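K.L.:
My questions will all concern the structure given below.
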Amino acid sequence: MREFQPSATNAVNAEMNRMRKAGVRIYNFGSGDPAVSLHPAIVREAELAVLEKGSPYAPVGGLLELRQAAADWMNRRYGCKYGIEETVVTCGGKFALFAALAVLLDPGEEVVFAAPYWPSYPDIVRLAGGIPKPVAVTEDCAWKIKPEDLLQAVGKKTKIFLFNNGCNPTGALYTKEEVKALLDAAAKAGLWVISDEVYSEIVYDGAKYASCSSFPEHAARVVIVESCSKNFAMAGYRVGFAFGDPKIVKNMIAVQSQTTTGTSRVSQRAALGALTHSEPAAKLVRDAMDKRRRLFFKTYNELFGTNFPMPSSALYFFVKIEGSCEEILKKAHVALVPGAAFGMEGYARFAFSESEEDIVEGLNAFRD
Ligand code: PLP
């Protein structure tokens, strides 16, 4: 366990909260947590669940009506055909990733993913007994991994391609053609694909999200990870999902039964509120985040005389910076996450998911 690090974003949050408690005004560009009011349907369902007489354990794989609603949410958007047996409710996307890896990996098998990556990937892979194999991608390629990069990284022990479309930290969004080419390459190499799609509803400028679930020819070896955290601004509720082959899902439920016992009943009911109103609930978050994205880039480009394009998805701006994020937090009271946490030194990640006021005042403090 000595080799594991607490999540870098959680560590930034902890330091930020410590300073806030001491009365310091902090500009939070650290956590990618959409700060918006919840859609009323979410609140209503949560309230109803709280007011019920008791709160027995929920089924370990999730409330049946939520599993069905989650499957419907996928099928509606992507034309796939998931049912309850192919759907599991988890404690956030993070546990879905862990459980899928724990089920699929034999000790010492490798998992390939693009770097920069979401900071938890390497340690989740290690916790599940695997070996992380990051593949560096560059800004010149719009931070996207290409089929040839993937194939080049595959060795005898490589089992899984962990794919993040709607990328944290770069905002890279893959087209349907690009997704298909990667799935074809993974199939050619005999890999499983775990597709982290937790930002699927947070895509901008009318783009259509391309999910790995819309390719029936690859369905047998694809596990989709989804979440309510970002899509519906419900990070604190801890509700995620995985979709895939019923045997995999059954084993993931077994992992849950000996670890988390599934996520809370109240949270699941809240998620049901979100998924049965998925379009307006997601639009509410997307519109608020789009407004902040535009304000962030307008302010940043004006202050620094730059011309950075806006990312197509997610909540982040990944940029080269000089100096340490620790010092920036101490001196400017601006919380960022250092690029090293994403496997890319010399960069930092700004999240633009906080208030508009924080964006303008925080970027000015950063410039000063
Ligand atoms: N995957 C990516 C790329 C993320 O950015 C996050 C959260 O920041 C997650 C998965 C997990 O989110 P959660 O466990 O809150 O659903």
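Identifiers in this document derive from the order of the structure tokens: chains are assigned A, B, ..., residues are numbered from 1 separately in each chain, and ligands are numbered from 1 in order of occurrence.
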Mind checking which residues fall within 9 Å of Phe297 (chain A), counting only C-alpha atoms, ignoring those fewer than 2 positions away in the same chain, and posting them as JSON, numbers by chain?
P.N.:
{"A": [292, 293, 294, 295, 299, 300, 301, 302, 307, 308, 309, 310, 317]}
K.L.:
Set the cut-off to 10 Å, count only C-alpha atoms and all ligand atoms, and list whatever residues fall near ligand 1 as JSON, numbers by chain.
P.N.:
{"A": [9, 10, 31, 32, 33, 90, 91, 92, 93, 94, 95, 96, 97, 117, 118, 119, 120, 121, 163, 164, 165, 166, 167, 168, 169, 171, 195, 196, 197, 198, 199, 225, 226, 227, 228, 229, 230, 231, 233, 234, 235, 236, 237, 238, 239, 240, 241, 314, 315, 316]}
K.L.:
Quick one: residues within 10 Å of Lys283 (chain A), only C-alpha atoms counted, chain neighbours fewer than 3 positions away excluded, as a list in words?
P.N.:
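Contacts, in chain order: His39, Glu201, Ile202, Asn231, Phe232, Ser278, Glu279, Pro280, Arg286, Asp287, Ala288 and Met289 of chain A.
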K.L.:
Find the distance between CA of Arg349 (chain A) and CA of Ala181 (chain A) and write it in Å to one decimal.
P.N.:
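Going from CA of Arg349 (chain A) over to CA of Ala181 (chain A) covers 28.4 Å.
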K.L.:
For Phe215 (chain A), work out the shell of residues within 9 Å, counting only C-alpha atoms and skipping chain neighbours fewer than 3 positions away, then give it as a list of chain:residue names.
P.N.:
A:Cys80, A:Lys180, A:Leu183, A:Ser211, A:Cys212, A:His218, A:Ala219
K.L.:
Among region 81-166 of chain A, which residues does DSSP mark as alpha helix (DSSP H) when it is run on the backbone? Keep the chain and numbering as in the structure and answer as a list in words.
P.N.:
Gly92, Gly93, Lys94, Phe95, Ala96, Leu97, Phe98, Ala99, Ala100, Leu101, Ala102, Val103, Leu104, Tyr121, Pro122, Asp123, Ile124, Val125, Arg126, Leu127, Pro147, Glu148, Asp149, Leu150, Leu151, Gln152 and Ala153 of chain A
K.L.:
Can you pull out every residue within 8 Å of Lys144 (chain A), counting only C-alpha atoms, but drop anything in the same chain fewer than 4 positions away, and send it as JSON, numbers by chain?
P.N.:
{"A": [114, 137, 138, 172, 174]}
K.L.:
So, with only C-alpha atoms as the atoms that count, which of A:Val24, A:Val112, A:Ile359, A:Leu284 lies closest to Lys298 (chain A)?
P.N.:
A:Ile359
